[in-house]
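Visitor: Sharing final.pdb here; it has PDB, N, CA, C and O atoms.
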ATOM      1  N   MET F   1     125.570  95.710 172.440
ATOM      2  CA  MET F   1     124.876  94.562 172.976
ATOM      3  C   MET F   1     125.510  93.295 172.411
ATOM      4  O   MET F   1     125.691  93.149 171.215
ATOM      5  N   LYS F   2     125.855  92.396 173.278
ATOM      6  CA  LYS F   2     126.440  91.121 172.875
ATOM      7  C   LYS F   2     125.339  90.066 172.819
ATOM      8  O   LYS F   2     124.547  89.929 173.742
ATOM      9  N   LEU F   3     125.320  89.338 171.714
ATOM     10  CA  LEU F   3     124.334  88.278 171.550
ATOM     11  C   LEU F   3     124.862  86.981 172.148
ATOM     12  O   LEU F   3     126.057  86.703 172.097
ATOM     13  N   THR F   4     123.939  86.180 172.665
ATOM     14  CA  THR F   4     124.314  84.838 173.085
ATOM     15  C   THR F   4     124.518  83.995 171.825
ATOM     16  O   THR F   4     124.135  84.393 170.716
ATOM     17  N   LYS F   5     125.097  82.826 171.994
ATOM     18  CA  LYS F   5     125.313  81.926 170.864
ATOM     19  C   LYS F   5     123.985  81.574 170.193
ATOM     20  O   LYS F   5     123.894  81.551 168.962
ATOM     21  N   ASN F   6     122.960  81.308 170.983
ATOM     22  CA  ASN F   6     121.642  80.963 170.428
ATOM     23  C   ASN F   6     121.026  82.139 169.681
ATOM     24  O   ASN F   6     120.397  81.950 168.637
ATOM     25  N   GLN F   7     121.175  83.345 170.215
ATOM     26  CA  GLN F   7     120.647  84.524 169.536
ATOM     27  C   GLN F   7     121.362  84.754 168.213
ATOM     28  O   GLN F   7     120.727  85.059 167.193
ATOM     29  N   PHE F   8     122.689  84.618 168.232
ATOM     30  CA  PHE F   8     123.472  84.776 167.007
ATOM     31  C   PHE F   8     123.024  83.758 165.964
ATOM     32  O   PHE F   8     122.794  84.105 164.802
ATOM     33  N   GLN F   9     122.876  82.502 166.351
ATOM     34  CA  GLN F   9     122.463  81.463 165.413
ATOM     35  C   GLN F   9     121.064  81.737 164.870
ATOM     36  O   GLN F   9     120.793  81.493 163.695
ATOM     37  N   PHE F  10     120.186  82.273 165.696
ATOM     38  CA  PHE F  10     118.841  82.613 165.246
ATOM     39  C   PHE F  10     118.894  83.682 164.158
ATOM     40  O   PHE F  10     118.207  83.579 163.134
ATOM     41  N   VAL F  11     119.694  84.712 164.375
ATOM     42  CA  VAL F  11     119.822  85.792 163.390
ATOM     43  C   VAL F  11     120.374  85.241 162.071
ATOM     44  O   VAL F  11     119.857  85.546 160.996
ATOM     45  N   VAL F  12     121.406  84.421 162.156
ATOM     46  CA  VAL F  12     121.997  83.824 160.955
ATOM     47  C   VAL F  12     120.967  82.961 160.237
ATOM     48  O   VAL F  12     120.808  83.047 159.004
ATOM     49  N   ASN F  13     120.242  82.142 160.969
ATOM     50  CA  ASN F  13     119.229  81.283 160.356
ATOM     51  C   ASN F  13     118.134  82.093 159.666
ATOM     52  O   ASN F  13     117.665  81.705 158.593
ATOM     53  N   CYS F  14     117.735  83.192 160.266
ATOM     54  CA  CYS F  14     116.732  84.066 159.644
ATOM     55  C   CYS F  14     117.252  84.650 158.336
ATOM     56  O   CYS F  14     116.521  84.721 157.344
ATOM     57  N   ASP F  15     118.518  85.068 158.330
ATOM     58  CA  ASP F  15     119.115  85.606 157.111
ATOM     59  C   ASP F  15     119.201  84.536 156.028
ATOM     60  O   ASP F  15     118.897  84.800 154.862
ATOM     61  N   VAL F  16     119.607  83.335 156.405
ATOM     62  CA  VAL F  16     119.694  82.236 155.437
ATOM     63  C   VAL F  16     118.310  81.934 154.869
ATOM     64  O   VAL F  16     118.146  81.785 153.655
ATOM     65  N   GLU F  17     117.321  81.861 155.734
ATOM     66  CA  GLU F  17     115.949  81.587 155.284
ATOM     67  C   GLU F  17     115.487  82.628 154.275
ATOM     68  O   GLU F  17     114.902  82.291 153.241
ATOM     69  N   ALA F  18     115.761  83.890 154.550
ATOM     70  CA  ALA F  18     115.359  84.961 153.642
ATOM     71  C   ALA F  18     116.093  84.852 152.306
ATOM     72  O   ALA F  18     115.478  84.987 151.240
ATOM     73  N   MET F  19     117.400  84.599 152.346
ATOM     74  CA  MET F  19     118.165  84.511 151.098
ATOM     75  C   MET F  19     117.719  83.313 150.254
ATOM     76  O   MET F  19     117.648  83.422 149.028
ATOM     77  N   VAL F  20     117.392  82.217 150.898
ATOM     78  CA  VAL F  20     116.886  81.051 150.171
ATOM     79  C   VAL F  20     115.553  81.406 149.503
ATOM     80  O   VAL F  20     115.331  81.090 148.328
ATOM     81  N   ALA F  21     114.695  82.087 150.223
ATOM     82  CA  ALA F  21     113.403  82.496 149.658
ATOM     83  C   ALA F  21     113.602  83.446 148.479
ATOM     84  O   ALA F  21     112.898  83.347 147.469
ATOM     85  N   TYR F  22     114.569  84.364 148.595
ATOM     86  CA  TYR F  22     114.854  85.285 147.483
ATOM     87  C   TYR F  22     115.349  84.529 146.259
ATOM     88  O   TYR F  22     114.933  84.832 145.133
ATOM     89  N   LEU F  23     116.242  83.562 146.456
ATOM     90  CA  LEU F  23     116.729  82.775 145.320
ATOM     91  C   LEU F  23     115.597  81.999 144.668
ATOM     92  O   LEU F  23     115.529  81.899 143.437
ATOM     93  N   GLN F  24     114.714  81.448 145.478
ATOM     94  CA  GLN F  24     113.567  80.719 144.917
ATOM     95  C   GLN F  24     112.686  81.649 144.097
ATOM     96  O   GLN F  24     112.250  81.286 143.009
ATOM     97  N   ALA F  25     112.428  82.835 144.610
ATOM     98  CA  ALA F  25     111.540  83.774 143.929
ATOM     99  C   ALA F  25     112.212  84.406 142.710
ATOM    100  O   ALA F  25     111.617  84.474 141.628
ATOM    101  N   ASP F  26     113.446  84.877 142.879
ATOM    102  CA  ASP F  26     114.126  85.619 141.811
ATOM    103  C   ASP F  26     114.662  84.716 140.710
ATOM    104  O   ASP F  26     114.698  85.108 139.548
ATOM    105  N   GLN F  27     115.118  83.534 141.082
ATOM    106  CA  GLN F  27     115.784  82.652 140.125
ATOM    107  C   GLN F  27     114.982  81.390 139.805
ATOM    108  O   GLN F  27     115.465  80.532 139.082
ATOM    109  N   ASN F  28     113.795  81.286 140.409
ATOM    110  CA  ASN F  28     112.964  80.098 140.225
ATOM    111  C   ASN F  28     113.771  78.829 140.559
ATOM    112  O   ASN F  28     113.727  77.833 139.849
ATOM    113  N   MET F  29     114.525  78.917 141.662
ATOM    114  CA  MET F  29     115.437  77.857 142.065
ATOM    115  C   MET F  29     114.735  76.909 143.040
ATOM    116  O   MET F  29     114.054  77.366 143.952
ATOM    117  N   PRO F  30     114.918  75.612 142.872
ATOM    118  CA  PRO F  30     114.359  74.663 143.838
ATOM    119  C   PRO F  30     114.955  74.886 145.233
ATOM    120  O   PRO F  30     116.089  75.355 145.381
ATOM    121  N   LEU F  31     114.200  74.527 146.244
ATOM    122  CA  LEU F  31     114.574  74.774 147.633
ATOM    123  C   LEU F  31     115.962  74.234 147.982
ATOM    124  O   LEU F  31     116.805  74.966 148.511
ATOM    125  N   LEU F  32     116.216  72.979 147.698
ATOM    126  CA  LEU F  32     117.500  72.380 148.069
ATOM    127  C   LEU F  32     118.667  73.023 147.326
ATOM    128  O   LEU F  32     119.757  73.187 147.887
ATOM    129  N   ASP F  33     118.450  73.411 146.077
ATOM    130  CA  ASP F  33     119.501  74.097 145.320
ATOM    131  C   ASP F  33     119.797  75.458 145.934
ATOM    132  O   ASP F  33     120.955  75.876 146.004
ATOM    133  N   ALA F  34     118.753  76.150 146.368
ATOM    134  CA  ALA F  34     118.937  77.464 146.983
ATOM    135  C   ALA F  34     119.724  77.346 148.287
ATOM    136  O   ALA F  34     120.645  78.134 148.540
ATOM    137  N   PHE F  35     119.373  76.362 149.115
ATOM    138  CA  PHE F  35     120.145  76.143 150.344
ATOM    139  C   PHE F  35     121.598  75.822 150.012
ATOM    140  O   PHE F  35     122.519  76.315 150.667
ATOM    141  N   ASP F  36     121.816  75.003 149.002
ATOM    142  CA  ASP F  36     123.166  74.637 148.590
ATOM    143  C   ASP F  36     123.968  75.871 148.183
ATOM    144  O   ASP F  36     125.128  76.027 148.585
ATOM    145  N   LYS F  37     123.367  76.744 147.399
ATOM    146  CA  LYS F  37     124.055  77.971 146.956
ATOM    147  C   LYS F  37     124.427  78.838 148.155
ATOM    148  O   LYS F  37     125.537  79.372 148.212
ATOM    149  N   VAL F  38     123.506  78.993 149.090
ATOM    150  CA  VAL F  38     123.774  79.848 150.246
ATOM    151  C   VAL F  38     124.841  79.224 151.131
ATOM    152  O   VAL F  38     125.848  79.873 151.462
ATOM    153  N   TYR F  39     124.650  77.977 151.530
ATOM    154  CA  TYR F  39     125.570  77.346 152.480
ATOM    155  C   TYR F  39     126.976  77.131 151.915
ATOM    156  O   TYR F  39     127.929  77.028 152.686
ATOM    157  N   ASN F  40     127.123  77.075 150.609
ATOM    158  CA  ASN F  40     128.437  76.874 150.004
ATOM    159  C   ASN F  40     129.056  78.160 149.469
ATOM    160  O   ASN F  40     130.018  78.109 148.695
ATOM    161  N   SER F  41     128.537  79.285 149.898
ATOM    162  CA  SER F  41     129.056  80.573 149.426
ATOM    163  C   SER F  41     130.069  81.164 150.402
ATOM    164  O   SER F  41     130.085  80.839 151.592
ATOM    165  N   ARG F  42     130.899  82.045 149.873
ATOM    166  CA  ARG F  42     131.832  82.790 150.734
ATOM    167  C   ARG F  42     131.061  83.754 151.628
ATOM    168  O   ARG F  42     131.484  84.041 152.749
ATOM    169  N   ILE F  43     129.929  84.236 151.143
ATOM    170  CA  ILE F  43     129.112  85.158 151.938
ATOM    171  C   ILE F  43     128.609  84.461 153.195
ATOM    172  O   ILE F  43     128.600  85.047 154.278
ATOM    173  N   TYR F  44     128.229  83.196 153.080
ATOM    174  CA  TYR F  44     127.789  82.453 154.263
ATOM    175  C   TYR F  44     128.933  82.332 155.259
ATOM    176  O   TYR F  44     128.725  82.483 156.468
ATOM    177  N   GLU F  45     130.134  82.059 154.770
ATOM    178  CA  GLU F  45     131.292  81.977 155.657
ATOM    179  C   GLU F  45     131.480  83.279 156.434
ATOM    180  O   GLU F  45     131.798  83.261 157.624
ATOM    181  N   LYS F  46     131.279  84.390 155.758
ATOM    182  CA  LYS F  46     131.401  85.693 156.424
ATOM    183  C   LYS F  46     130.229  85.944 157.366
ATOM    184  O   LYS F  46     130.400  86.557 158.421
ATOM    185  N   LEU F  47     129.056  85.473 156.982
ATOM    186  CA  LEU F  47     127.870  85.665 157.807
ATOM    187  C   LEU F  47     128.013  84.957 159.147
ATOM    188  O   LEU F  47     127.624  85.505 160.189
ATOM    189  N   VAL F  48     128.560  83.769 159.157
ATOM    190  CA  VAL F  48     128.685  83.006 160.402
ATOM    191  C   VAL F  48     129.921  83.386 161.215
ATOM    192  O   VAL F  48     130.106  82.877 162.319
ATOM    193  N   ASP F  49     130.731  84.284 160.691
ATOM    194  CA  ASP F  49     131.879  84.811 161.430
ATOM    195  C   ASP F  49     131.440  86.109 162.108
ATOM    196  O   ASP F  49     131.342  87.157 161.462
ATOM    197  N   ALA F  50     131.182  86.044 163.393
ATOM    198  CA  ALA F  50     130.659  87.202 164.125
ATOM    199  C   ALA F  50     131.586  88.409 164.030
ATOM    200  O   ALA F  50     131.122  89.558 164.105
ATOM    201  N   LYS F  51     132.880  88.178 163.832
ATOM    202  CA  LYS F  51     133.837  89.281 163.762
ATOM    203  C   LYS F  51     133.590  90.200 162.574
ATOM    204  O   LYS F  51     133.940  91.376 162.620
ATOM    205  N   THR F  52     132.983  89.675 161.507
ATOM    206  CA  THR F  52     132.737  90.502 160.322
ATOM    207  C   THR F  52     131.593  91.486 160.545
ATOM    208  O   THR F  52     131.521  92.516 159.881
ATOM    209  N   GLY F  53     130.677  91.140 161.438
ATOM    210  CA  GLY F  53     129.514  91.992 161.680
ATOM    211  C   GLY F  53     128.467  91.909 160.591
ATOM    212  O   GLY F  53     127.471  92.629 160.632
ATOM    213  N   LEU F  54     128.666  91.026 159.616
ATOM    214  CA  LEU F  54     127.712  90.919 158.509
ATOM    215  C   LEU F  54     126.325  90.527 159.001
ATOM    216  O   LEU F  54     125.315  90.980 158.453
ATOM    217  N   TYR F  55     126.256  89.744 160.033
ATOM    218  CA  TYR F  55     124.961  89.297 160.570
ATOM    219  C   TYR F  55     124.102  90.475 161.050
ATOM    220  O   TYR F  55     122.894  90.341 161.205
ATOM    221  N   LEU F  56     124.715  91.631 161.263
ATOM    222  CA  LEU F  56     123.979  92.817 161.712
ATOM    223  C   LEU F  56     123.241  93.517 160.570
ATOM    224  O   LEU F  56     122.387  94.364 160.807
ATOM    225  N   GLN F  57     123.564  93.154 159.345
ATOM    226  CA  GLN F  57     122.953  93.773 158.170
ATOM    227  C   GLN F  57     121.640  93.073 157.828
ATOM    228  O   GLN F  57     121.378  91.965 158.264
ATOM    229  N   SER F  58     120.864  93.737 156.999
ATOM    230  CA  SER F  58     119.581  93.156 156.593
ATOM    231  C   SER F  58     119.804  92.007 155.621
ATOM    232  O   SER F  58     120.842  91.925 154.944
ATOM    233  N   ALA F  59     118.828  91.130 155.539
ATOM    234  CA  ALA F  59     118.911  90.003 154.607
ATOM    235  C   ALA F  59     118.994  90.500 153.169
ATOM    236  O   ALA F  59     119.695  89.906 152.340
ATOM    237  N   ASP F  60     118.320  91.597 152.848
ATOM    238  CA  ASP F  60     118.387  92.176 151.499
ATOM    239  C   ASP F  60     119.816  92.578 151.157
ATOM    240  O   ASP F  60     120.297  92.338 150.048
ATOM    241  N   TYR F  61     120.475  93.226 152.092
ATOM    242  CA  TYR F  61     121.859  93.680 151.911
ATOM    243  C   TYR F  61     122.783  92.480 151.685
ATOM    244  O   TYR F  61     123.600  92.476 150.759
ATOM    245  N   ILE F  62     122.637  91.457 152.505
ATOM    246  CA  ILE F  62     123.474  90.265 152.388
ATOM    247  C   ILE F  62     123.185  89.542 151.072
ATOM    248  O   ILE F  62     124.097  89.065 150.393
ATOM    249  N   TYR F  63     121.916  89.508 150.684
ATOM    250  CA  TYR F  63     121.523  88.851 149.436
ATOM    251  C   TYR F  63     122.176  89.531 148.232
ATOM    252  O   TYR F  63     122.586  88.857 147.279
ATOM    253  N   ASP F  64     122.274  90.849 148.259
ATOM    254  CA  ASP F  64     122.949  91.563 147.170
ATOM    255  C   ASP F  64     124.387  91.078 147.017
ATOM    256  O   ASP F  64     124.871  90.872 145.901
ATOM    257  N   TYR F  65     125.074  90.896 148.127
ATOM    258  CA  TYR F  65     126.438  90.379 148.077
ATOM    259  C   TYR F  65     126.468  88.930 147.589
ATOM    260  O   TYR F  65     127.373  88.532 146.847
ATOM    261  N   LEU F  66     125.493  88.144 148.003
ATOM    262  CA  LEU F  66     125.408  86.768 147.521
ATOM    263  C   LEU F  66     125.227  86.755 146.008
ATOM    264  O   LEU F  66     125.891  85.992 145.305
ATOM    265  N   CYS F  67     124.347  87.599 145.496
ATOM    266  CA  CYS F  67     124.129  87.671 144.038
ATOM    267  C   CYS F  67     125.397  88.099 143.312
ATOM    268  O   CYS F  67     125.705  87.579 142.247
ATOM    269  N   ASP F  68     126.126  89.050 143.888
ATOM    270  CA  ASP F  68     127.401  89.464 143.292
ATOM    271  C   ASP F  68     128.349  88.275 143.197
ATOM    272  O   ASP F  68     129.009  88.079 142.173
ATOM    273  N   GLU F  69     128.412  87.502 144.267
ATOM    274  CA  GLU F  69     129.279  86.333 144.277
ATOM    275  C   GLU F  69     128.838  85.305 143.247
ATOM    276  O   GLU F  69     129.659  84.756 142.501
ATOM    277  N   LEU F  70     127.544  85.027 143.197
ATOM    278  CA  LEU F  70     127.030  84.033 142.250
ATOM    279  C   LEU F  70     127.219  84.493 140.814
ATOM    280  O   LEU F  70     127.546  83.687 139.932
ATOM    281  N   THR F  71     127.041  85.776 140.563
ATOM    282  CA  THR F  71     127.231  86.321 139.219
ATOM    283  C   THR F  71     128.695  86.205 138.807
ATOM    284  O   THR F  71     129.004  85.819 137.686
ATOM    285  N   ALA F  72     129.591  86.549 139.709
ATOM    286  CA  ALA F  72     131.027  86.467 139.416
ATOM    287  C   ALA F  72     131.454  85.032 139.119
ATOM    288  O   ALA F  72     132.380  84.798 138.344
ATOM    289  N   SER F  73     130.772  84.081 139.728
ATOM    290  CA  SER F  73     131.083  82.661 139.519
ATOM    291  C   SER F  73     130.270  82.049 138.392
ATOM    292  O   SER F  73     130.319  80.838 138.174
ATOM    293  N   ASN F  74     129.482  82.883 137.702
ATOM    294  CA  ASN F  74     128.604  82.420 136.631
ATOM    295  C   ASN F  74     127.623  81.352 137.086
ATOM    296  O   ASN F  74     127.320  80.412 136.374
ATOM    297  N   LEU F  75     127.140  81.505 138.336
ATOM    298  CA  LEU F  75     126.204  80.521 138.890
ATOM    299  C   LEU F  75     124.759  80.992 138.874
ATOM    300  O   LEU F  75     123.870  80.191 139.037
ATOM    301  N   MET F  76     124.505  82.290 138.702
ATOM    302  CA  MET F  76     123.146  82.850 138.629
ATOM    303  C   MET F  76     123.131  84.292 139.058
ATOM    304  O   MET F  76     124.148  84.903 139.242
ATOM    305  N   CYS F  77     121.921  84.769 139.312
ATOM    306  CA  CYS F  77     121.574  86.119 139.774
ATOM    307  C   CYS F  77     121.684  87.148 138.717
ATOM    308  O   CYS F  77     121.582  87.145 137.636
TER
END
Rewrite the structure of this file - the entire thing - as structure tokens.
Guide:
Amino acid sequence: MKLTKNQFQFVVNCDVEAMVAYLQADQNMPLLDAFDKVYNSRIYEKLVDAKTGLYLQSADYIYDYLCDELTASNLMC
């Protein structure tokens, strides 16, 4: 099944929303800081690239990769 551009963006936005909420809950991170971490990550770049298929995974799965990235960069998680 091929998603329309709007459907794809909706899925990505839902994943971003979930990851921001996880960062707020797990790291006690302020909202704007959490958005900053997500939007400036390599994982976000992969998430918005439909060719990677990452958007098809659950937000929990993607968040694990985000935490790996943040940990490797000594930024949190």
Visitor: For the file shown, report as JSON, numbers by chain the outcome of the PyMOL selection byres (((chain F and resi 11-24 and name CA) around 8) and name CA) at residue level.
Guide: {"F": [7, 8, 9, 10, 25, 26, 27, 28, 29, 30, 31, 34, 35, 38, 47, 48, 55, 58, 59, 60, 62, 63]}
Visitor: Quick one: 6 Å padding each side, axis-aligned, all listed atoms of range 67-76 of chain F - centre and edge lengths in Å to one decimal, as AutoDock Vina command-line options?
Guide:
--center_x 127.8 --center_y 84.8 --center_z 140.9 --size_x 21.2 --size_y 21.3 --size_z 21.1
Visitor: Have a look at atom O of Asn6 in chain F and CA of Lys46 in chain F and let me know their distance in Å, one decimal.
Guide: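 Between atom O of Asn6 in chain F and CA of Lys46 in chain F the gap works out to 16.9 Å.
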Visitor: Using only C-alpha atoms, pick whichever of F:Leu66, F:Leu3, F:Leu56, F:Ala72 has the shortest atom-to-atom distance to Tyr44 in chain F.
Guide: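 When distances to Tyr44 in chain F are compared using only C-alpha atoms, the smallest one comes from F:Leu66.
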Visitor: Can you measure atom N of Arg42 in chain F to atom N of Cys67 in chain F for me? One decimal in Å is fine.
Guide: 9.6 Å
Visitor: Quick one: pick out all helix (DSSP H, G or I) residues within chain F from a backbone DSSP run and write them as a VMD selection string.
Guide: chain F and resid 5 to 27 31 to 39 42 to 47 50 to 52 54 to 56 59 to 72
